[in-house]
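upload01.tsv follows (TSV, C-alpha atoms):
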chain	number	residue	atom	x	y	z
A	1	MET	CA	0.25	42.61	-36.39
A	2	SER	CA	-1.14	45.68	-38.15
A	3	ILE	CA	-2.49	48.64	-36.18
A	4	SER	CA	-6.04	47.97	-37.43
A	5	ASN	CA	-5.91	44.34	-36.29
A	6	GLN	CA	-4.53	45.42	-32.93
A	7	LYS	CA	-7.43	47.86	-32.50
A	8	LYS	CA	-9.91	45.13	-33.36
A	9	ASN	CA	-8.33	42.83	-30.77
A	10	ASN	CA	-8.45	45.58	-28.15
A	11	ILE	CA	-12.12	46.18	-28.87
A	12	LYS	CA	-12.83	42.45	-28.55
A	13	ASN	CA	-10.84	42.30	-25.31
A	14	ASN	CA	-12.69	45.25	-23.81
A	15	PHE	CA	-16.03	43.86	-24.96
A	16	GLY	CA	-15.33	40.51	-23.31
A	17	LYS	CA	-14.05	42.12	-20.11
A	18	LEU	CA	-17.08	44.43	-19.88
A	19	ASN	CA	-19.46	41.47	-20.20
A	20	PHE	CA	-17.44	39.61	-17.57
A	21	LEU	CA	-17.67	42.45	-15.05
A	22	ILE	CA	-21.39	43.00	-15.71
A	23	GLY	CA	-21.96	39.27	-15.21
A	24	ILE	CA	-20.09	39.34	-11.88
A	25	PHE	CA	-22.07	42.38	-10.72
A	26	LEU	CA	-25.39	40.66	-11.50
A	27	LEU	CA	-24.32	37.23	-10.24
A	28	PRO	CA	-25.89	37.26	-6.74
A	29	SER	CA	-29.04	39.24	-7.58
A	30	ALA	CA	-29.94	38.31	-11.18
A	31	PHE	CA	-28.37	34.91	-11.79
A	32	SER	CA	-30.06	34.15	-15.13
A	33	LEU	CA	-29.09	37.51	-16.65
A	34	SER	CA	-25.61	37.14	-15.22
A	35	LEU	CA	-25.17	33.84	-17.05
A	36	VAL	CA	-25.88	35.55	-20.38
A	37	PHE	CA	-23.12	38.12	-19.88
A	38	LEU	CA	-20.68	35.57	-18.46
A	39	LEU	CA	-21.32	33.21	-21.37
A	40	ILE	CA	-20.60	35.98	-23.89
A	41	SER	CA	-17.35	36.84	-22.11
A	42	LEU	CA	-16.41	33.16	-21.86
A	43	ILE	CA	-16.96	32.53	-25.58
A	44	SER	CA	-14.97	35.67	-26.39
A	45	SER	CA	-12.07	34.55	-24.23
A	46	ILE	CA	-11.90	30.89	-25.25
A	47	SER	CA	-12.29	31.67	-28.98
A	48	ARG	CA	-9.11	33.75	-28.84
A	49	ASN	CA	-7.14	31.45	-26.55
A	50	LYS	CA	-8.30	27.97	-27.58
A	51	ASN	CA	-4.86	27.01	-28.86
A	52	ASN	CA	-3.30	27.48	-25.42
A	53	ILE	CA	-5.55	25.11	-23.48
A	54	LEU	CA	-3.12	22.18	-23.50
A	55	ASN	CA	-0.18	24.39	-22.50
A	56	ASP	CA	-1.35	24.34	-18.90
A	57	LYS	CA	-0.98	21.11	-16.88
A	58	TYR	CA	-4.01	22.04	-14.75
A	59	ASN	CA	-6.21	22.13	-17.85
A	60	ILE	CA	-4.94	18.69	-18.86
A	61	PHE	CA	-5.96	17.24	-15.50
A	62	LEU	CA	-9.40	18.83	-15.82
A	63	LEU	CA	-9.81	17.57	-19.39
A	64	ILE	CA	-9.00	14.02	-18.30
A	65	GLY	CA	-11.35	14.49	-15.36
A	66	SER	CA	-14.11	15.62	-17.74
A	67	PHE	CA	-13.70	12.49	-19.87
A	68	TRP	CA	-13.89	10.34	-16.74
A	69	LEU	CA	-17.07	12.09	-15.58
A	70	ILE	CA	-18.66	11.33	-18.95
A	71	ILE	CA	-17.52	7.69	-18.76
A	72	CYS	CA	-19.02	7.40	-15.27
A	73	SER	CA	-22.33	8.86	-16.43
A	74	THR	CA	-22.39	6.37	-19.31
A	75	VAL	CA	-21.71	3.49	-16.91
A	76	HIS	CA	-24.48	4.68	-14.61
A	77	SER	CA	-26.91	4.64	-17.52
A	78	PHE	CA	-26.26	0.96	-18.30
A	79	ARG	CA	-25.14	-0.51	-14.98
A	80	ASN	CA	-27.28	0.73	-12.14
A	81	GLU	CA	-28.49	-2.47	-10.47
A	82	PHE	CA	-27.08	-1.24	-7.18
A	83	LEU	CA	-29.29	1.83	-7.38
A	84	ILE	CA	-32.53	0.30	-8.68
A	85	ALA	CA	-33.49	-0.61	-5.14
A	86	ASN	CA	-32.94	2.99	-4.09
A	87	ASP	CA	-35.27	4.41	-6.76
A	88	TRP	CA	-32.54	6.55	-8.35
A	89	ASP	CA	-32.77	8.13	-11.81
A	90	SER	CA	-29.57	7.57	-13.82
A	91	SER	CA	-30.19	10.75	-15.84
A	92	LEU	CA	-29.15	12.69	-12.73
A	93	SER	CA	-25.54	11.75	-13.46
A	94	TRP	CA	-25.73	13.49	-16.82
A	95	ILE	CA	-27.46	16.50	-15.28
A	96	GLY	CA	-24.80	16.57	-12.57
A	97	LEU	CA	-22.09	17.13	-15.18
A	98	ALA	CA	-23.34	20.72	-15.40
A	99	ASN	CA	-21.85	21.29	-11.94
A	100	TRP	CA	-18.37	20.46	-13.21
A	101	ILE	CA	-17.51	20.49	-16.92
A	102	PRO	CA	-18.87	23.99	-17.80
A	103	LEU	CA	-17.13	25.35	-14.72
A	104	PHE	CA	-13.82	23.87	-15.86
A	105	CYS	CA	-14.30	26.06	-18.93
A	106	CYS	CA	-14.90	29.03	-16.63
A	107	PHE	CA	-11.66	28.26	-14.82
A	108	TYR	CA	-9.70	28.50	-18.06
A	109	GLY	CA	-11.68	31.16	-19.90
A	110	PHE	CA	-12.01	33.74	-17.13
A	111	GLN	CA	-8.28	33.70	-16.38
A	112	PHE	CA	-7.95	35.97	-19.41
A	113	TYR	CA	-9.72	38.75	-17.46
A	114	LEU	CA	-7.73	38.21	-14.25
A	115	ARG	CA	-4.13	38.29	-15.45
A	116	THR	CA	-2.91	41.35	-13.54
A	117	PRO	CA	-3.22	42.45	-9.89
A	118	ASN	CA	-5.26	45.48	-11.01
A	119	GLU	CA	-7.74	43.27	-12.90
A	120	ARG	CA	-8.15	41.09	-9.82
A	121	LYS	CA	-8.61	44.20	-7.67
A	122	ILE	CA	-11.36	45.45	-10.00
A	123	PHE	CA	-13.03	42.02	-9.81
A	124	GLY	CA	-13.04	42.28	-6.00
A	125	LEU	CA	-14.61	45.75	-6.18
A	126	ILE	CA	-17.33	44.61	-8.60
A	127	LEU	CA	-18.03	41.59	-6.38
A	128	ILE	CA	-18.51	43.93	-3.41
A	129	LEU	CA	-20.83	46.25	-5.35
A	130	GLY	CA	-22.87	43.29	-6.58
A	131	THR	CA	-23.35	42.18	-2.97
A	132	PHE	CA	-25.25	45.34	-2.06
A	133	PRO	CA	-28.65	43.77	-3.00
A	134	VAL	CA	-27.80	40.78	-0.79
A	135	ILE	CA	-27.32	43.08	2.20
A	136	VAL	CA	-30.40	45.21	1.49
A	137	SER	CA	-32.65	42.19	0.91
A	138	GLY	CA	-31.29	40.43	4.00
A	139	LEU	CA	-31.66	43.35	6.39
A	140	GLY	CA	-35.08	44.11	4.92
A	141	GLN	CA	-36.09	40.51	5.49
A	142	SER	CA	-34.93	40.60	9.12
A	143	PHE	CA	-36.14	44.03	10.24
A	144	PHE	CA	-38.93	45.05	7.84
A	145	ASN	CA	-40.57	41.71	6.98
A	146	TRP	CA	-39.70	41.88	3.27
A	147	ASN	CA	-40.97	38.42	2.42
A	148	GLY	CA	-41.04	36.57	-0.86
A	149	PRO	CA	-40.36	34.84	-3.04
A	150	LEU	CA	-40.07	37.90	-5.27
A	151	GLU	CA	-40.07	37.08	-8.97
A	152	THR	CA	-39.68	39.04	-12.19
A	153	LEU	CA	-39.12	38.38	-15.91
A	154	GLY	CA	-41.29	35.27	-15.77
A	155	GLY	CA	-39.29	33.69	-12.96
A	156	LEU	CA	-35.87	34.37	-14.49
A	157	ILE	CA	-34.99	36.39	-11.39
A	158	ILE	CA	-36.09	35.07	-7.99
A	159	TRP	CA	-35.34	36.50	-4.56
A	160	TYR	CA	-36.44	33.90	-2.01
A	161	GLN	CA	-36.91	36.20	1.00
A	162	ARG	CA	-38.70	33.55	3.03
A	163	PRO	CA	-40.61	34.69	6.16
A	164	LEU	CA	-38.58	34.57	9.38
A	165	GLU	CA	-39.80	33.66	12.85
A	166	ASN	CA	-37.16	35.99	14.30
A	167	ILE	CA	-34.64	38.43	12.86
A	168	THR	CA	-32.07	35.63	12.54
A	169	GLU	CA	-31.63	32.83	9.99
A	170	LEU	CA	-31.53	35.53	7.34
A	171	THR	CA	-31.38	34.26	3.76
A	172	GLY	CA	-31.93	37.39	1.70
A	173	LEU	CA	-32.17	36.54	-1.98
A	174	PHE	CA	-30.64	33.09	-1.36
A	175	ASN	CA	-32.77	30.10	-0.37
A	176	ASN	CA	-30.69	29.07	2.64
A	177	PRO	CA	-28.88	30.92	5.48
A	178	ASN	CA	-25.69	28.91	4.93
A	179	TYR	CA	-25.60	29.93	1.26
A	180	ALA	CA	-26.12	33.60	2.11
A	181	GLY	CA	-23.52	33.36	4.87
A	182	LEU	CA	-20.92	31.83	2.57
A	183	TRP	CA	-21.45	34.47	-0.09
A	184	LEU	CA	-20.86	37.18	2.53
A	185	ASN	CA	-17.75	35.28	3.71
A	186	ILE	CA	-16.38	35.30	0.15
A	187	VAL	CA	-16.81	39.08	-0.10
A	188	TRP	CA	-15.60	39.85	3.45
A	189	PRO	CA	-11.79	39.73	2.82
A	190	PHE	CA	-12.15	42.07	-0.16
A	191	CYS	CA	-14.17	44.52	1.99
A	192	LEU	CA	-11.46	44.54	4.65
A	193	ALA	CA	-8.73	44.99	2.03
A	194	PHE	CA	-10.42	48.06	0.52
A	195	LEU	CA	-11.12	49.43	4.00
A	196	ILE	CA	-7.44	49.09	4.96
A	197	ARG	CA	-6.07	50.60	1.75
A	198	ASN	CA	-8.56	53.46	1.14
A	199	ARG	CA	-7.56	56.00	3.79
A	200	THR	CA	-7.07	59.18	1.77
A	201	ASN	CA	-10.68	60.05	0.94
A	202	ILE	CA	-12.89	60.54	4.01
A	203	PHE	CA	-16.02	59.67	2.02
A	204	GLN	CA	-14.48	56.37	0.90
A	205	VAL	CA	-13.40	55.62	4.47
A	206	ILE	CA	-16.85	56.24	5.96
A	207	SER	CA	-18.78	54.47	3.19
A	208	GLY	CA	-16.32	51.57	3.26
A	209	PHE	CA	-16.65	51.24	7.02
A	210	LEU	CA	-20.46	51.30	6.90
A	211	PHE	CA	-20.56	48.74	4.10
A	212	THR	CA	-18.10	46.46	5.91
A	213	LEU	CA	-20.09	46.79	9.12
A	214	SER	CA	-23.30	45.91	7.29
A	215	ILE	CA	-21.60	42.79	5.86
A	216	ALA	CA	-20.61	41.73	9.39
A	217	ILE	CA	-24.10	42.35	10.81
A	218	THR	CA	-25.79	40.52	7.95
A	219	THR	CA	-23.41	37.57	8.38
A	220	VAL	CA	-24.21	37.31	12.10
A	221	LEU	CA	-27.93	37.45	11.35
A	222	THR	CA	-27.71	34.44	9.03
A	223	ASN	CA	-27.38	32.42	12.25
A	224	SER	CA	-24.95	30.17	10.33
A	225	ARG	CA	-22.13	28.91	12.51
A	226	SER	CA	-19.94	28.17	9.48
A	227	ALA	CA	-20.48	31.78	8.34
A	228	TRP	CA	-19.47	33.06	11.78
A	229	ILE	CA	-16.27	31.00	11.62
A	230	GLY	CA	-15.61	32.32	8.10
A	231	LEU	CA	-16.07	35.89	9.31
A	232	LEU	CA	-13.57	35.33	12.12
A	233	LEU	CA	-11.07	33.52	9.87
A	234	GLY	CA	-11.21	36.22	7.22
A	235	THR	CA	-10.62	38.94	9.79
A	236	ILE	CA	-7.67	37.21	11.43
A	237	LEU	CA	-5.97	36.29	8.15
A	238	ILE	CA	-6.38	39.72	6.54
A	239	LEU	CA	-5.28	41.72	9.56
A	240	GLY	CA	-2.45	39.36	10.53
A	241	ARG	CA	-0.35	41.00	13.19
A	242	LYS	CA	-2.54	44.10	12.98
A	243	ILE	CA	-5.22	42.18	14.87
A	244	ILE	CA	-3.09	42.59	17.97
A	245	LYS	CA	-3.88	46.32	17.85
A	246	VAL	CA	-7.61	45.52	17.83
A	247	ILE	CA	-7.51	43.21	20.87
A	248	PRO	CA	-7.32	46.04	23.47
A	249	TYR	CA	-10.41	47.69	22.00
A	250	LEU	CA	-12.30	44.40	21.95
A	251	SER	CA	-11.22	43.75	25.54
A	252	LEU	CA	-12.37	47.19	26.70
A	253	THR	CA	-15.71	46.69	24.92
A	254	SER	CA	-16.16	43.29	26.57
A	255	VAL	CA	-15.33	44.71	30.02
A	256	PHE	CA	-17.75	47.60	29.44
A	257	ILE	CA	-20.57	45.25	28.44
A	258	PHE	CA	-19.83	42.97	31.41
A	259	LEU	CA	-19.81	45.80	33.97
A	260	THR	CA	-22.90	47.53	32.62
A	261	SER	CA	-24.74	44.20	32.41
A	262	LEU	CA	-24.48	44.05	36.20
A	263	LEU	CA	-26.80	47.05	36.38
A	264	PRO	CA	-30.40	45.82	36.82
A	265	ASP	CA	-32.07	47.69	33.97
A	266	LEU	CA	-29.24	47.49	31.42
A	267	GLY	CA	-28.68	43.83	32.24
A	268	LYS	CA	-32.24	43.00	31.20
A	269	HIS	CA	-31.80	44.88	27.90
A	270	TYR	CA	-28.54	43.07	27.13
A	271	LYS	CA	-30.20	39.74	27.79
A	272	ARG	CA	-33.05	40.53	25.39
A	273	ILE	CA	-30.60	41.65	22.69
A	274	PHE	CA	-28.48	38.50	22.94
A	275	GLU	CA	-31.54	36.26	23.00
A	276	VAL	CA	-32.81	37.87	19.78
A	277	VAL	CA	-29.54	38.09	17.88
A	278	ILE	CA	-28.05	34.79	19.07
A	279	PRO	CA	-30.97	32.50	19.96
A	280	ASN	CA	-30.50	29.23	21.78
A	281	GLN	CA	-30.75	27.10	18.65
A	282	SER	CA	-27.44	28.55	17.45
A	283	TRP	CA	-25.61	26.72	20.18
A	284	VAL	CA	-27.32	23.35	20.03
A	285	SER	CA	-25.45	20.32	18.75
A	286	ILE	CA	-25.44	19.62	15.03
A	287	GLU	CA	-26.93	16.27	15.98
A	288	GLN	CA	-30.45	15.85	14.59
A	289	ASN	CA	-32.54	12.72	14.98
A	290	ASN	CA	-29.49	11.14	16.66
A	291	ILE	CA	-27.57	11.52	13.37
A	292	THR	CA	-24.36	13.55	13.39
A	293	ARG	CA	-22.13	14.69	10.55
A	294	ILE	CA	-19.75	11.87	11.51
A	295	ASP	CA	-22.57	9.37	10.92
A	296	ILE	CA	-23.24	10.97	7.54
A	297	TRP	CA	-19.55	10.88	6.58
A	298	PHE	CA	-19.24	7.25	7.68
A	299	SER	CA	-22.25	6.29	5.57
A	300	ALA	CA	-20.72	8.14	2.60
A	301	LEU	CA	-17.41	6.29	3.00
A	302	GLN	CA	-19.20	2.93	3.11
A	303	ASN	CA	-20.92	3.71	-0.19
A	304	ILE	CA	-17.65	4.90	-1.75
A	305	ILE	CA	-16.04	1.55	-0.84
A	306	LYS	CA	-18.88	-0.26	-2.61
A	307	ASN	CA	-18.43	1.78	-5.82
A	308	PRO	CA	-14.87	3.15	-5.81
A	309	LEU	CA	-14.24	3.35	-9.54
A	310	PHE	CA	-17.37	4.89	-11.05
A	311	GLY	CA	-19.29	5.98	-7.97
A	312	SER	CA	-22.99	5.53	-7.31
A	313	GLY	CA	-24.18	8.42	-9.45
A	314	SER	CA	-24.89	12.08	-8.97
A	315	GLY	CA	-27.72	12.70	-6.52
A	316	SER	CA	-27.68	9.10	-5.31
A	317	PHE	CA	-26.59	9.77	-1.73
A	318	PRO	CA	-29.94	11.14	-0.43
A	319	LYS	CA	-31.77	8.04	-1.72
A	320	ILE	CA	-29.19	5.63	-0.32
A	321	PHE	CA	-29.03	7.36	3.06
A	322	LEU	CA	-32.83	7.49	3.31
A	323	ASN	CA	-33.09	3.75	2.67
A	324	GLU	CA	-30.33	3.01	5.17
A	325	THR	CA	-31.48	5.23	8.04
A	326	GLY	CA	-35.02	6.38	7.30
A	327	PHE	CA	-33.85	10.00	7.40
A	328	PHE	CA	-33.25	12.41	4.52
A	329	ARG	CA	-29.95	14.22	4.03
A	330	GLY	CA	-29.44	16.09	0.78
A	331	HIS	CA	-25.69	15.54	0.62
A	332	PRO	CA	-22.80	14.09	2.68
A	333	HIS	CA	-21.76	17.54	4.01
A	334	ASN	CA	-18.38	17.33	2.29
A	335	LEU	CA	-17.73	18.24	-1.34
A	336	ILE	CA	-14.92	15.72	-1.84
A	337	LEU	CA	-17.07	12.89	-0.47
A	338	GLU	CA	-19.93	14.07	-2.67
A	339	LEU	CA	-17.69	13.89	-5.74
A	340	MET	CA	-16.40	10.44	-4.78
A	341	ILE	CA	-19.93	9.12	-4.28
A	342	SER	CA	-21.19	10.61	-7.52
A	343	TYR	CA	-18.34	9.83	-9.92
A	344	GLY	CA	-15.78	7.67	-8.12
A	345	LEU	CA	-12.26	8.04	-6.76
A	346	PRO	CA	-10.43	8.78	-10.07
A	347	ALA	CA	-12.67	11.78	-10.81
A	348	ALA	CA	-12.30	13.07	-7.27
A	349	PHE	CA	-8.51	12.70	-7.44
A	350	LEU	CA	-8.12	14.48	-10.80
A	351	ILE	CA	-10.27	17.44	-9.76
A	352	THR	CA	-9.08	17.68	-6.15
A	353	ILE	CA	-5.41	17.61	-7.11
A	354	VAL	CA	-5.93	20.69	-9.29
A	355	ILE	CA	-7.80	22.58	-6.58
A	356	SER	CA	-5.47	21.69	-3.70
A	357	THR	CA	-2.24	22.25	-5.66
A	358	LEU	CA	-3.36	25.61	-7.01
A	359	PHE	CA	-4.42	26.79	-3.58
A	360	LEU	CA	-1.25	25.64	-1.80
A	361	VAL	CA	1.11	27.08	-4.40
A	362	SER	CA	-0.67	30.44	-4.52
A	363	PHE	CA	-1.02	30.58	-0.72
A	364	LEU	CA	2.68	29.94	-0.14
A	365	LYS	CA	3.62	32.52	-2.76
A	366	ILE	CA	1.33	35.30	-1.53
A	367	PHE	CA	2.02	34.71	2.17
A	368	SER	CA	5.78	34.26	1.78
A	369	ILE	CA	8.10	36.16	4.14
A	370	LYS	CA	9.10	38.66	1.45
A	371	ASN	CA	5.45	39.64	0.97
A	372	GLU	CA	4.59	39.73	4.68
A	373	ASN	CA	4.86	43.51	5.08
A	374	ASN	CA	4.13	44.50	1.49
A	375	PRO	CA	1.00	46.71	1.59
A	376	ASN	CA	0.51	46.27	-2.16
A	377	MET	CA	-0.22	42.57	-1.63
A	378	ILE	CA	-3.35	43.16	0.46
A	379	PHE	CA	-5.75	42.48	-2.42
A	380	GLU	CA	-3.84	39.37	-3.49
A	381	LYS	CA	-4.05	38.15	0.11
A	382	ALA	CA	-7.78	38.90	0.15
A	383	TRP	CA	-8.16	36.76	-2.99
A	384	ILE	CA	-6.44	33.73	-1.46
A	385	ILE	CA	-8.19	34.16	1.90
A	386	SER	CA	-11.57	34.28	0.16
A	387	LEU	CA	-10.69	31.08	-1.69
A	388	PHE	CA	-9.47	29.48	1.56
A	389	ILE	CA	-12.73	30.24	3.39
A	390	LEU	CA	-14.71	28.85	0.47
A	391	LEU	CA	-12.65	25.64	0.45
A	392	ILE	CA	-12.89	25.15	4.21
A	393	SER	CA	-16.67	25.60	4.14
A	394	GLN	CA	-17.00	22.76	1.61
A	395	MET	CA	-15.41	20.33	4.07
A	396	VAL	CA	-18.42	20.56	6.42
A	397	ASP	CA	-21.20	21.56	4.02
A	398	VAL	CA	-21.89	21.64	0.28
A	399	GLN	CA	-23.02	25.09	-0.87
A	400	TYR	CA	-21.11	24.47	-4.11
A	401	PHE	CA	-24.27	23.40	-5.95
A	402	ASP	CA	-25.63	26.92	-5.84
A	403	GLY	CA	-24.53	28.17	-9.27
A	404	ARG	CA	-23.48	31.58	-7.96
A	405	ILE	CA	-21.11	30.07	-5.45
A	406	SER	CA	-19.63	27.45	-7.82
A	407	ILE	CA	-18.94	30.09	-10.48
A	408	VAL	CA	-17.12	32.31	-7.97
A	409	PHE	CA	-15.29	29.19	-6.73
A	410	TRP	CA	-13.74	28.50	-10.15
A	411	ILE	CA	-13.13	32.19	-10.88
A	412	LEU	CA	-11.14	32.48	-7.65
A	413	LEU	CA	-9.18	29.37	-8.67
A	414	GLY	CA	-8.57	30.89	-12.11
A	415	GLY	CA	-7.33	34.10	-10.51
A	416	ALA	CA	-5.06	32.08	-8.22
A	417	ARG	CA	-3.61	30.42	-11.32

Hey, can you dump this file as structure tokens for me?
Amino acid sequence: MSISNQKKNNIKNNFGKLNFLIGIFLLPSAFSLSLVFLLISLISSISRNKNNILNDKYNIFLLIGSFWLIICSTVHSFRNEFLIANDWDSSLSWIGLANWIPLFCCFYGFQFYLRTPNERKIFGLILILGTFPVIVSGLGQSFFNWNGPLETLGGLIIWYQRPLENITELTGLFNNPNYAGLWLNIVWPFCLAFLIRNRTNIFQVISGFLFTLSIAITTVLTNSRSAWIGLLLGTILILGRKIIKVIPYLSLTSVFIFLTSLLPDLGKHYKRIFEVVIPNQSWVSIEQNNITRIDIWFSALQNIIKNPLFGSGSGSFPKIFLNETGFFRGHPHNLILELMISYGLPAAFLITIVISTLFLVSFLKIFSIKNENNPNMIFEKAWIISLFILLISQMVDVQYFDGRISIVFWILLGGAR
């Protein structure tokens, strides 16, 4: 390759990478604009690496899965007698493909910008910086009544900012506390990794600590139990054995709170604080209208058995469940079950095998004994922990259909690859 051609390739590489990082930075706060930059970077990457697609077995599985999704959508368009009674629109299956096939392209295309540990570290930093509007909007919503929705550019950018009855159930610029909580969970391991590693510059230490603390506070204020579990999981997995050093401080803090709560005046203040920050509804059962998640999962499995090969169609579960029970549930609270219902067992197998294999292989590699005490692996561990929390959350809820979360989902998988 001539020097001039090499320079041209370097310029193209840098141009694509710059658009990628800008897209990641804007992803939570300006989703529509983010898509423009990410699309440019994706086209740039795939156009220069299109000949290597079939060299990766994971891509082959996803390509076969894509063909099966299209076949299922075609079948739903011509054979939907089962769903006529449920008033379901077969075009939803075609629309639902947007949640999968374009993101398979993201999985392959964005790997080009995540090939080295330093590139993945920079991605984590940009993801953290892009989360700043989420924190500001969320805390403003809780403490200063910043209500919305706030719109600009003709509705291209929307911050939901719905009014809150209390300071909890914070959503920020998301439209649901669970979505906001999961986004903060994704960022949390990266925050801890930077906090652990950046100890030389006092300004970085203080700013990192304050930012990490604000992430934790905002997560608690979402009032999302799954987000609380994600926060705890991320902390334990990142710190590992180091968490043992934190236990004495937590114990002393707990003893201090307990003893001072016995004092009449302070006890009343503590009670008010806990009632505001952790209201009673946070501890109630997930059972609503006598319907539990187990009931929802059982109903989903029954419908999968009826349509195992092609599924019932994307978006069909709410209609079916409503007709069966008289109650509305937007999804089966499990991403794998959702995929099985929508497009059948073969599609679910082809896609799930890629996700599970990639995660397990990368997890075992990063958390191997030889890497246990390697401080340079902290950001790689943060990457896999973030992916782990995201995967676990999809077993009890389905935040995947928020475009911001699904894009990060497949980028994390691409980085794991």

Can you report as AutoDock Vina command-line options the centre and edge lengths in Å, to one decimal, of an axis-aligned box around the listed atoms of region 353-362 of chain A padded with 4 Å on each side?
--center_x -3.3 --center_y 24.0 --center_z -5.5 --size_x 16.9 --size_y 20.8 --size_z 15.5

request  = For Leu62 (chain A), list every protein, DNA or RNA residue within 12 Å, evaluated using only C-alpha atoms, and leave out those in the same chain fewer than 2 positions away; present the list as number ranges by chain.
outcome  = A: 53-54, 56-60, 64-69, 100-108, 346-355

query = In Å, how far is it from CA of Ile385 (chain A) to CA of Gly16 (chain A)?
reply =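 Calculated distance between CA of Ile385 (chain A) and CA of Gly16 (chain A) is 27.0 Å.
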
request  = Rounded to one decimal place, report the CA of Ser312 (chain A)-CA of Phe327 (chain A) distance in Å.
outcome  = 18.8 Å

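As for CA of Leu387 (chain A) and CA of Phe363 (chain A), they are spaced 9.7 Å apart.
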
query = What's the 8 Å shell around Ser45 (chain A), counting all atoms listed in the file, without same-chain residues fewer than 3 positions away, as a PyMOL selection string?
reply = chain A and resi 13+16+41-42+48-49+109-110+112

ask   = With all atoms listed in the file as the basis for distance, which of A:Phe20, A:Phe194, A:Phe123, A:Phe298 is at the shortest distance from Leu35 (chain A)?
value =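 Comparing A:Phe20, A:Phe194, A:Phe123, A:Phe298 against Leu35 (chain A), the winner is A:Phe20.
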